[in-house]
file target20.pdb (PDB, C-alpha atoms)
ATOM      1  CA  MET A   1     111.644  24.431 -27.340
ATOM      2  CA  TYR A   2     110.927  25.975 -30.695
ATOM      3  CA  LYS A   3     109.936  22.626 -32.225
ATOM      4  CA  PHE A   4     107.579  21.826 -29.318
ATOM      5  CA  SER A   5     105.745  25.149 -29.724
ATOM      6  CA  HIS A   6     105.488  24.636 -33.455
ATOM      7  CA  ILE A   7     103.945  21.187 -33.053
ATOM      8  CA  GLY A   8     101.455  22.534 -30.501
ATOM      9  CA  ILE A   9     100.253  25.227 -32.897
ATOM     10  CA  ILE A  10      99.815  22.720 -35.715
ATOM     11  CA  GLY A  11      97.764  20.443 -33.431
ATOM     12  CA  LEU A  12      95.516  23.298 -32.414
ATOM     13  CA  THR A  13      94.961  24.252 -36.027
ATOM     14  CA  LEU A  14      93.861  20.718 -36.864
ATOM     15  CA  VAL A  15      91.371  20.620 -34.009
ATOM     16  CA  LEU A  16      89.820  23.934 -34.987
ATOM     17  CA  GLY A  17      89.753  22.886 -38.608
ATOM     18  CA  GLY A  18      87.755  19.777 -37.670
ATOM     19  CA  CYS A  19      85.041  21.929 -36.044
ATOM     20  CA  GLY A  20      84.862  23.968 -39.217
ATOM     21  CA  ASN A  21      83.710  20.913 -41.203
ATOM     22  CA  ASP A  22      80.205  21.297 -39.750
ATOM     23  CA  VAL A  23      77.668  23.258 -41.774
ATOM     24  CA  ASN A  24      75.391  25.537 -39.785
ATOM     25  CA  VAL A  25      71.682  25.159 -40.518
ATOM     26  CA  ALA A  26      70.031  27.509 -38.023
ATOM     27  CA  ARG A  27      70.505  29.340 -34.746
ATOM     28  CA  LEU A  28      67.503  29.272 -32.394
ATOM     29  CA  ASN A  29      67.068  31.909 -29.717
ATOM     30  CA  PHE A  30      64.630  31.301 -26.864
ATOM     31  CA  ASP A  31      63.196  33.683 -24.286
ATOM     32  CA  ARG A  32      64.314  31.483 -21.384
ATOM     33  CA  PRO A  33      67.249  29.125 -20.674
ATOM     34  CA  VAL A  34      67.089  25.821 -22.534
ATOM     35  CA  ALA A  35      69.844  24.373 -20.333
ATOM     36  CA  ASP A  36      69.378  22.804 -16.930
ATOM     37  CA  GLY A  37      71.287  25.695 -15.353
ATOM     38  CA  PHE A  38      71.558  29.437 -15.847
ATOM     39  CA  SER A  39      75.214  29.523 -16.951
ATOM     40  CA  LEU A  40      76.840  27.456 -19.672
ATOM     41  CA  ASN A  41      79.246  24.963 -18.104
ATOM     42  CA  ASP A  42      81.193  22.266 -19.901
ATOM     43  CA  ASP A  43      78.843  19.577 -18.609
ATOM     44  CA  GLU A  44      75.643  21.550 -19.158
ATOM     45  CA  LYS A  45      72.908  19.620 -20.926
ATOM     46  CA  ILE A  46      70.019  20.718 -23.093
ATOM     47  CA  GLN A  47      66.644  20.081 -21.487
ATOM     48  CA  GLN A  48      65.048  16.977 -22.968
ATOM     49  CA  VAL A  49      61.785  18.739 -23.808
ATOM     50  CA  TYR A  50      63.597  20.945 -26.346
ATOM     51  CA  LEU A  51      65.432  17.976 -27.860
ATOM     52  CA  ASP A  52      62.170  16.059 -28.179
ATOM     53  CA  GLY A  53      60.481  19.004 -29.870
ATOM     54  CA  LEU A  54      63.302  19.453 -32.369
ATOM     55  CA  HIS A  55      63.501  15.738 -33.155
ATOM     56  CA  GLN A  56      59.773  15.760 -33.910
ATOM     57  CA  ILE A  57      60.269  18.615 -36.390
ATOM     58  CA  PHE A  58      63.162  16.727 -38.006
ATOM     59  CA  LYS A  59      61.035  13.578 -38.235
ATOM     60  CA  GLU A  60      58.207  15.452 -39.964
ATOM     61  CA  ALA A  61      60.768  16.807 -42.450
ATOM     62  CA  GLY A  62      62.054  13.298 -43.181
ATOM     63  CA  ILE A  63      65.390  13.884 -41.448
ATOM     64  CA  ALA A  64      66.992  11.129 -39.374
ATOM     65  CA  PRO A  65      67.672  12.375 -35.809
ATOM     66  CA  GLU A  66      71.395  11.693 -36.023
ATOM     67  CA  VAL A  67      71.831  13.898 -39.124
ATOM     68  CA  VAL A  68      71.277  17.259 -37.407
ATOM     69  CA  LYS A  69      73.523  18.103 -34.477
ATOM     70  CA  ILE A  70      71.940  20.119 -31.677
ATOM     71  CA  HIS A  71      74.335  21.975 -29.411
ATOM     72  CA  PHE A  72      74.737  25.167 -27.477
ATOM     73  CA  ASP A  73      75.969  28.228 -29.304
ATOM     74  CA  ASP A  74      79.533  28.036 -27.977
ATOM     75  CA  GLU A  75      80.463  31.257 -29.729
ATOM     76  CA  LYS A  76      77.973  33.259 -27.659
ATOM     77  CA  ARG A  77      78.139  31.044 -24.552
ATOM     78  CA  ASN A  78      74.400  31.537 -24.261
ATOM     79  CA  VAL A  79      72.077  29.099 -22.477
ATOM     80  CA  ARG A  80      69.160  30.575 -24.418
ATOM     81  CA  SER A  81      70.626  29.839 -27.839
ATOM     82  CA  LEU A  82      70.942  26.549 -29.751
ATOM     83  CA  LEU A  83      72.873  25.900 -32.940
ATOM     84  CA  LEU A  84      71.733  23.311 -35.481
ATOM     85  CA  SER A  85      74.369  21.932 -37.831
ATOM     86  CA  THR A  86      75.195  18.964 -40.051
ATOM     87  CA  SER A  87      78.432  17.405 -41.199
ATOM     88  CA  GLU A  88      79.876  18.387 -44.559
ATOM     89  CA  LYS A  89      79.271  14.856 -45.851
ATOM     90  CA  ASN A  90      75.760  14.446 -44.505
ATOM     91  CA  LYS A  91      73.875  17.622 -45.344
ATOM     92  CA  ILE A  92      70.114  17.973 -45.403
ATOM     93  CA  THR A  93      68.336  18.718 -48.683
ATOM     94  CA  GLU A  94      66.896  22.098 -49.557
ATOM     95  CA  THR A  95      63.411  20.605 -49.287
ATOM     96  CA  GLN A  96      64.136  19.349 -45.780
ATOM     97  CA  LYS A  97      65.619  22.688 -44.787
ATOM     98  CA  ALA A  98      62.526  24.471 -46.103
ATOM     99  CA  SER A  99      60.345  22.141 -44.024
ATOM    100  CA  ILE A 100      62.068  22.867 -40.702
ATOM    101  CA  GLN A 101      62.247  26.567 -41.574
ATOM    102  CA  SER A 102      58.499  26.574 -42.103
ATOM    103  CA  ALA A 103      57.968  24.798 -38.757
ATOM    104  CA  PHE A 104      60.005  27.369 -36.828
ATOM    105  CA  GLU A 105      58.404  30.321 -38.611
ATOM    106  CA  LYS A 106      54.956  28.943 -37.830
ATOM    107  CA  ILE A 107      55.789  28.850 -34.102
ATOM    108  CA  LEU A 108      56.863  32.499 -34.253
ATOM    109  CA  ALA A 109      53.741  33.464 -36.192
ATOM    110  CA  ASP A 110      51.478  31.584 -33.772
ATOM    111  CA  LYS A 111      53.230  33.234 -30.845
ATOM    112  CA  LYS A 112      52.256  36.674 -32.129
ATOM    113  CA  SER A 113      48.612  35.719 -32.439
ATOM    114  CA  THR A 114      46.026  36.172 -29.711
ATOM    115  CA  MET A 115      43.093  34.026 -28.660
ATOM    116  CA  ASN A 116      39.804  35.123 -30.143
ATOM    117  CA  VAL A 117      36.760  34.725 -27.916
ATOM    118  CA  ARG A 118      33.079  35.235 -28.693
ATOM    119  CA  PHE A 119      30.405  36.124 -26.158
ATOM    120  CA  LEU A 120      26.948  34.985 -27.280
ATOM    121  CA  LEU A 121      24.298  36.614 -25.097
ATOM    122  CA  ARG A 122      21.055  34.835 -24.209
ATOM    123  CA  PRO A 123      18.749  37.551 -22.785
ATOM    124  CA  GLU A 124      15.761  35.220 -23.223
ATOM    125  CA  ASP A 125      17.186  33.047 -20.417
ATOM    126  CA  MET A 126      17.413  35.854 -17.849
ATOM    127  CA  GLU A 127      15.818  34.970 -14.533
ATOM    128  CA  THR A 128      14.887  38.508 -13.522
ATOM    129  CA  GLU A 129      11.207  39.345 -13.430
ATOM    130  CA  LYS A 130      11.738  43.032 -14.121
ATOM    131  CA  ALA A 131      10.531  43.834 -17.616
ATOM    132  CA  GLU A 132      12.759  46.907 -17.967
ATOM    133  CA  TYR A 133      15.889  44.812 -17.494
ATOM    134  CA  ARG A 134      14.717  42.258 -20.034
ATOM    135  CA  GLU A 135      13.885  45.001 -22.520
ATOM    136  CA  GLU A 136      17.252  46.688 -22.055
ATOM    137  CA  ALA A 137      19.116  43.392 -22.424
ATOM    138  CA  ALA A 138      17.130  42.584 -25.557
ATOM    139  CA  ARG A 139      18.459  45.758 -27.184
ATOM    140  CA  LEU A 140      22.075  44.723 -26.666
ATOM    141  CA  LYS A 141      24.081  43.148 -29.434
ATOM    142  CA  LYS A 142      23.735  39.375 -29.270
ATOM    143  CA  GLU A 143      27.404  38.727 -30.057
ATOM    144  CA  PHE A 144      30.641  40.370 -28.946
ATOM    145  CA  THR A 145      34.077  39.339 -30.188
ATOM    146  CA  THR A 146      37.349  40.288 -28.549
ATOM    147  CA  GLU A 147      40.917  39.014 -28.283
ATOM    148  CA  LEU A 148      42.526  37.614 -25.149
ATOM    149  CA  THR A 149      46.234  37.994 -24.431
ATOM    150  CA  VAL A 150      47.993  36.196 -21.576
ATOM    151  CA  LYS A 151      49.124  38.682 -18.942
ATOM    152  CA  GLU A 152      50.198  36.919 -15.731
ATOM    153  CA  VAL A 153      49.239  34.248 -13.234
ATOM    154  CA  MET A 154      47.149  35.246 -10.244
ATOM    155  CA  VAL A 155      46.659  33.054  -7.189
ATOM    156  CA  GLY A 156      43.470  33.598  -5.215
ATOM    157  CA  ILE A 157      42.767  32.201  -1.771
ATOM    158  CA  SER A 158      39.253  31.271  -0.721
ATOM    159  CA  TYR A 159      38.334  32.107   2.849
ATOM    160  CA  SER A 160      35.577  33.711   4.870
ATOM    161  CA  MET A 161      35.724  36.460   7.448
ATOM    162  CA  MET A 162      34.016  34.026   9.838
ATOM    163  CA  ASP A 163      37.031  31.688   9.560
ATOM    164  CA  SER A 164      39.366  34.566  10.383
ATOM    165  CA  PHE A 165      37.132  35.629  13.265
ATOM    166  CA  LEU A 166      37.135  32.133  14.746
ATOM    167  CA  MET A 167      40.923  31.909  14.466
ATOM    168  CA  ALA A 168      41.275  35.319  16.114
ATOM    169  CA  MET A 169      39.174  34.002  19.000
ATOM    170  CA  GLN A 170      41.792  31.264  19.363
ATOM    171  CA  GLY A 171      44.582  33.821  19.584
ATOM    172  CA  THR A 172      45.975  33.579  16.047
ATOM    173  CA  THR A 173      45.487  35.550  12.860
ATOM    174  CA  GLN A 174      46.368  32.639  10.584
ATOM    175  CA  THR A 175      43.846  30.251   9.111
ATOM    176  CA  GLU A 176      43.632  27.783   6.241
ATOM    177  CA  GLY A 177      42.081  28.321   2.843
ATOM    178  CA  GLU A 178      42.125  26.806  -0.607
ATOM    179  CA  ALA A 179      44.410  28.423  -3.189
ATOM    180  CA  PHE A 180      43.222  28.643  -6.781
ATOM    181  CA  CYS A 181      45.277  29.134  -9.935
ATOM    182  CA  THR A 182      44.065  31.724 -12.433
ATOM    183  CA  VAL A 183      45.640  33.392 -15.443
ATOM    184  CA  ALA A 184      44.895  37.046 -16.088
ATOM    185  CA  MET A 185      44.015  37.859 -19.698
ATOM    186  CA  THR A 186      43.631  41.304 -21.234
ATOM    187  CA  LEU A 187      40.765  42.020 -23.630
ATOM    188  CA  SER A 188      41.025  44.025 -26.817
ATOM    189  CA  PRO A 189      38.653  45.657 -27.425
ATOM    190  CA  ALA A 190      37.131  46.085 -23.966
ATOM    191  CA  LEU A 191      33.589  44.789 -23.496
ATOM    192  CA  PRO A 192      30.653  46.919 -22.285
ATOM    193  CA  PHE A 193      30.147  44.873 -19.127
ATOM    194  CA  SER A 194      31.347  45.214 -15.560
ATOM    195  CA  ALA A 195      31.998  41.551 -14.800
ATOM    196  CA  ILE A 196      31.754  37.900 -15.749
ATOM    197  CA  VAL A 197      30.215  35.677 -13.103
ATOM    198  CA  VAL A 198      29.966  31.906 -12.858
ATOM    199  CA  ASP A 199      26.400  30.671 -12.524
ATOM    200  CA  HIS A 200      25.859  27.890  -9.979
ATOM    201  CA  LYS A 201      23.136  25.377  -9.273
ATOM    202  CA  ASP A 202      23.328  23.176  -6.196
ATOM    203  CA  GLU A 203      26.792  24.673  -5.612
ATOM    204  CA  LYS A 204      28.044  23.401  -8.977
ATOM    205  CA  PRO A 205      29.003  25.626 -11.954
ATOM    206  CA  VAL A 206      26.440  25.439 -14.742
ATOM    207  CA  GLY A 207      27.356  28.382 -16.956
ATOM    208  CA  MET A 208      28.408  32.017 -17.091
ATOM    209  CA  SER A 209      26.793  35.424 -17.324
ATOM    210  CA  VAL A 210      28.006  38.902 -18.205
ATOM    211  CA  VAL A 211      26.968  41.646 -15.810
ATOM    212  CA  ARG A 212      25.616  45.062 -16.636
ATOM    213  CA  SER A 213      25.047  47.673 -13.943
ATOM    214  CA  ARG A 214      21.691  46.263 -12.805
ATOM    215  CA  TYR A 215      21.347  42.772 -14.237
ATOM    216  CA  ALA A 216      23.182  39.706 -15.524
ATOM    217  CA  VAL A 217      22.743  38.105 -18.947
ATOM    218  CA  PRO A 218      23.415  34.358 -19.429
ATOM    219  CA  THR A 219      26.144  34.016 -22.010
ATOM    220  CA  ASP A 220      27.750  31.280 -24.080
ATOM    221  CA  ILE A 221      31.497  31.770 -24.488
ATOM    222  CA  ARG A 222      33.449  30.365 -27.437
ATOM    223  CA  LEU A 223      37.251  30.144 -27.289
ATOM    224  CA  ALA A 224      39.443  29.808 -30.371
ATOM    225  CA  TYR A 225      41.366  26.834 -28.944
ATOM    226  CA  PRO A 226      39.265  23.623 -29.121
ATOM    227  CA  HIS A 227      41.091  21.917 -26.224
ATOM    228  CA  LEU A 228      40.331  24.878 -23.950
ATOM    229  CA  GLN A 229      36.749  25.078 -25.186
ATOM    230  CA  ALA A 230      36.215  21.439 -24.213
ATOM    231  CA  LYS A 231      37.458  22.148 -20.691
ATOM    232  CA  LEU A 232      35.289  25.260 -20.481
ATOM    233  CA  ASP A 233      32.210  23.283 -21.563
ATOM    234  CA  ASN A 234      32.964  20.652 -18.912
ATOM    235  CA  HIS A 235      33.555  23.361 -16.272
ATOM    236  CA  GLN A 236      37.143  22.160 -15.771
ATOM    237  CA  ILE A 237      38.203  25.755 -16.342
ATOM    238  CA  LEU A 238      36.100  28.868 -15.762
ATOM    239  CA  LEU A 239      36.105  32.492 -16.863
ATOM    240  CA  SER A 240      35.427  35.212 -14.313
ATOM    241  CA  THR A 241      36.470  38.649 -13.081
ATOM    242  CA  GLU A 242      36.307  37.839  -9.384
ATOM    243  CA  ILE A 243      39.955  38.573  -8.589
ATOM    244  CA  THR A 244      40.237  41.517 -10.980
ATOM    245  CA  ASN A 245      37.125  43.192  -9.624
ATOM    246  CA  ASN A 246      38.257  42.736  -6.032
ATOM    247  CA  SER A 247      41.459  44.707  -6.575
ATOM    248  CA  PRO A 248      41.280  48.327  -5.310
ATOM    249  CA  ARG A 249      42.472  49.719  -8.622
ATOM    250  CA  GLU A 250      39.783  47.996 -10.664
ATOM    251  CA  SER A 251      37.096  48.841  -8.139
ATOM    252  CA  LEU A 252      38.025  52.509  -8.496
ATOM    253  CA  ARG A 253      37.818  52.224 -12.277
ATOM    254  CA  ARG A 254      34.295  50.853 -12.078
ATOM    255  CA  ILE A 255      33.202  53.557  -9.620
ATOM    256  CA  GLN A 256      34.575  56.266 -11.870
ATOM    257  CA  GLY A 257      32.919  54.620 -14.865
ATOM    258  CA  ARG A 258      35.943  54.765 -17.173
ATOM    259  CA  GLY A 259      35.891  52.299 -20.042
ATOM    260  CA  GLY A 260      34.519  48.743 -20.032
ATOM    261  CA  MET A 261      35.753  45.325 -18.972
ATOM    262  CA  ASN A 262      39.330  45.026 -20.190
ATOM    263  CA  GLN A 263      40.585  42.070 -18.152
ATOM    264  CA  LEU A 264      39.310  38.700 -17.018
ATOM    265  CA  GLU A 265      40.759  35.572 -15.473
ATOM    266  CA  ILE A 266      40.726  31.966 -16.574
ATOM    267  CA  GLU A 267      40.385  29.861 -13.438
ATOM    268  CA  LEU A 268      42.409  26.683 -13.917
ATOM    269  CA  GLY A 269      41.839  24.839 -10.658
ATOM    270  CA  SER A 270      42.916  24.247  -7.086
ATOM    271  CA  LEU A 271      46.484  24.450  -5.781
ATOM    272  CA  GLY A 272      45.506  22.872  -2.467
ATOM    273  CA  THR A 273      45.160  24.203   1.057
ATOM    274  CA  VAL A 274      47.519  26.873   2.381
ATOM    275  CA  ARG A 275      47.867  28.796   5.609
ATOM    276  CA  HIS A 276      47.302  32.513   5.235
ATOM    277  CA  GLU A 277      46.577  35.695   7.107
ATOM    278  CA  TYR A 278      43.518  37.473   5.714
ATOM    279  CA  GLY A 279      44.287  36.106   2.264
ATOM    280  CA  LYS A 280      48.010  36.917   2.362
ATOM    281  CA  VAL A 281      50.912  34.441   2.454
ATOM    282  CA  ASP A 282      54.644  34.873   2.954
ATOM    283  CA  TYR A 283      57.014  35.528   0.048
ATOM    284  CA  SER A 284      58.265  31.940  -0.188
ATOM    285  CA  THR A 285      54.755  30.494  -0.294
ATOM    286  CA  SER A 286      53.649  33.118  -2.808
ATOM    287  CA  SER A 287      56.576  32.331  -5.146
ATOM    288  CA  SER A 288      55.905  28.604  -4.881
ATOM    289  CA  LEU A 289      52.203  29.046  -5.643
ATOM    290  CA  ASP A 290      52.952  31.285  -8.635
ATOM    291  CA  GLN A 291      55.370  28.725 -10.084
ATOM    292  CA  ARG A 292      52.938  25.863  -9.568
ATOM    293  CA  CYS A 293      50.259  27.947 -11.237
ATOM    294  CA  ARG A 294      52.519  28.619 -14.237
ATOM    295  CA  ASN A 295      53.221  24.899 -14.517
ATOM    296  CA  MET A 296      49.492  24.142 -14.370
ATOM    297  CA  ALA A 297      48.860  26.650 -17.159
ATOM    298  CA  ALA A 298      51.705  25.301 -19.299
ATOM    299  CA  GLN A 299      50.252  21.797 -19.061
ATOM    300  CA  LEU A 300      47.144  23.091 -20.833
ATOM    301  CA  GLY A 301      49.213  24.017 -23.891
ATOM    302  CA  ARG A 302      48.662  27.086 -26.022
ATOM    303  CA  PRO A 303      48.346  30.008 -25.590
ATOM    304  CA  PHE A 304      49.922  29.593 -22.136
ATOM    305  CA  THR A 305      53.044  27.804 -23.439
ATOM    306  CA  PHE A 306      54.025  30.926 -25.360
ATOM    307  CA  THR A 307      54.964  32.598 -22.051
ATOM    308  CA  MET A 308      55.063  29.749 -19.497
ATOM    309  CA  GLY A 309      56.825  26.424 -19.116
ATOM    310  CA  ASP A 310      59.462  24.823 -21.324
ATOM    311  CA  SER A 311      58.756  23.923 -24.945
ATOM    312  CA  LEU A 312      59.598  25.036 -28.464
ATOM    313  CA  ASP A 313      56.809  27.603 -28.049
ATOM    314  CA  ARG A 314      59.369  29.657 -26.108
ATOM    315  CA  LEU A 315      61.212  30.284 -29.385
ATOM    316  CA  GLU A 316      61.926  34.005 -29.723
ATOM    317  CA  SER A 317      63.807  34.263 -33.008
ATOM    318  CA  VAL A 318      65.586  32.086 -35.563
ATOM    319  CA  THR A 319      68.435  32.698 -38.015
ATOM    320  CA  PHE A 320      68.886  30.400 -41.012
ATOM    321  CA  TYR A 321      72.132  29.856 -42.935
TER     322      TYR A 321
END

call {"tool": "encode", "arguments": {"input": "target20.pdb", "output": "structure tokens"}}
result
Amino acid sequence: MYKFSHIGIIGLTLVLGGCGNDVNVARLNFDRPVADGFSLNDDEKIQQVYLDGLHQIFKEAGIAPEVVKIHFDDEKRNVRSLLLSTSEKNKITETQKASIQSAFEKILADKKSTMNVRFLLRPEDMETEKAEYREEAARLKKEFTTELTVKEVMVGISYSMMDSFLMAMQGTTQTEGEAFCTVAMTLSPALPFSAIVVDHKDEKPVGMSVVRSRYAVPTDIRLAYPHLQAKLDNHQILLSTEITNNSPRESLRRIQGRGGMNQLEIELGSLGTVRHEYGKVDYSTSSSLDQRCRNMAAQLGRPFTFTMGDSLDRLESVTFY
């Protein structure tokens, strides 16, 4: 019995010693689970999108994918933490390590940044015939710059009171409407306007205007991200304050005249037709729409991927060894 126990302890020591031959390179901590599940099981796998992102960083550093081992941090049993290591015989060079360190640090630096946006007013294109409005608009600054920060997704439902009235005549309070995905963004500093409206011609969006108390000024908007600017120019996404300004809290703020415009929405597109009751849906439908909206935003890339979807942009911190 004594000999059997002794042999077992020696075997265990050898196994643990083999694990110790790996050299840790970095520990990555994310703000959401990188595993398929929410608890670390023996058969849990890392989501492919994170593996693909890491392999791309290794490739750019000149590191063969099989050199760096990617595994869960078994010590912490944490589905939000990944450990990068190499074998004792097949280490990466200091230059390669510096390259991947720079890549991770850049993600963290980019994540802290906000999206700059410029509003370029065009008072000469105002359609109003009132000279006093034109004169007042002409005295405004021609350019305003602010920073946008992603806040949350907001799903709006398009419907008319006539639709609800007709459904009520049929003995039901439910009707159908189109759901739209928007992302709320905070502005810093606030802008001296009450709203952003989308200008239409023949029921198609043709541009945007900022609204003062008595008039609207056509405005060109320039976003810091070129891929989003292209979609804005093609009217594939829109900026507005329609949902924000329809909330009771914001309406009260405008009535009381405190501050300027400190939030807007980026309208990303349609989520399809849903059944609703005066613009409200049940909890299950609301959760589903919110998740679909987050996925739609994440597909557009930064800055949405810093807080939505799965990618290396969800990196929260990194420790190097």

call {"tool": "residues_around", "arguments": {"input": "target20.pdb", "residues": "Thr182 in chain A", "least_positions_apart": "6", "cutoff": "8 Å", "atoms": "all atoms listed in the file", "output": "list in words"}}
result
Val153, Met154, Val155, Gly156, Glu265, Ile266, Glu267, Leu268, Gly269 and Cys293 of chain A

call {"tool": "closest_residue", "arguments": {"input": "target20.pdb", "among": "A:Gln263, A:Gln47, A:Ser87, A:Ser99", "to": "Glu242 in chain A", "atoms": "only C-alpha atoms"}}
result
A:Gln263

call {"tool": "atom_distance", "arguments": {"input": "target20.pdb", "atom1": "CA of Leu187 in chain A", "atom2": "CA of Val281 in chain A"}}
result
29.0 Å

call {"tool": "residues_near_point", "arguments": {"input": "target20.pdb", "point": "(39.5, 41.8, -25.6)", "cutoff": "6 Å", "atoms": "all atoms listed in the file", "output": "list of chain:residue names"}}
result
A:Thr146, A:Glu147, A:Leu148, A:Leu187, A:Ser188, A:Pro189, A:Ala190

call {"tool": "atom_distance", "arguments": {"input": "target20.pdb", "atom1": "CA of Cys181 in chain A", "atom2": "CA of Arg32 in chain A"}}
result
22.3 Å

call {"tool": "resolve_selection", "arguments": {"input": "target20.pdb", "expression": "the PyMOL selection byres ((chain A and resi 107) around 10)", "output": "compact mmCIF listing (two decimals) with C-alpha atoms, in the frame of the given file"}}
result
# COMPACT_ATOMS: atom_id res chain seq x y z
CA SER A 102 58.50 26.57 -42.10
CA ALA A 103 57.97 24.80 -38.76
CA PHE A 104 60.00 27.37 -36.83
CA GLU A 105 58.40 30.32 -38.61
CA LYS A 106 54.96 28.94 -37.83
CA LEU A 108 56.86 32.50 -34.25
CA ALA A 109 53.74 33.46 -36.19
CA ASP A 110 51.48 31.58 -33.77
CA LYS A 111 53.23 33.23 -30.84
CA LYS A 112 52.26 36.67 -32.13
CA PHE A 306 54.02 30.93 -25.36
CA LEU A 312 59.60 25.04 -28.46
CA ASP A 313 56.81 27.60 -28.05
CA ARG A 314 59.37 29.66 -26.11
CA LEU A 315 61.21 30.28 -29.38
CA GLU A 316 61.93 34.01 -29.72
CA SER A 317 63.81 34.26 -33.01

call {"tool": "resolve_selection", "arguments": {"input": "target20.pdb", "expression": "the PyMOL selection byres ((chain A and resi 219) around 9)", "output": "compact mmCIF listing (two decimals) with C-alpha atoms, in the coordinates of the input"}}
result
# COMPACT_ATOMS: atom_id res chain seq x y z
CA PHE A 119 30.40 36.12 -26.16
CA LEU A 120 26.95 34.98 -27.28
CA LEU A 121 24.30 36.61 -25.10
CA ARG A 122 21.06 34.84 -24.21
CA PRO A 123 18.75 37.55 -22.78
CA GLY A 207 27.36 28.38 -16.96
CA MET A 208 28.41 32.02 -17.09
CA SER A 209 26.79 35.42 -17.32
CA VAL A 210 28.01 38.90 -18.20
CA VAL A 217 22.74 38.10 -18.95
CA PRO A 218 23.42 34.36 -19.43
CA ASP A 220 27.75 31.28 -24.08
CA ILE A 221 31.50 31.77 -24.49
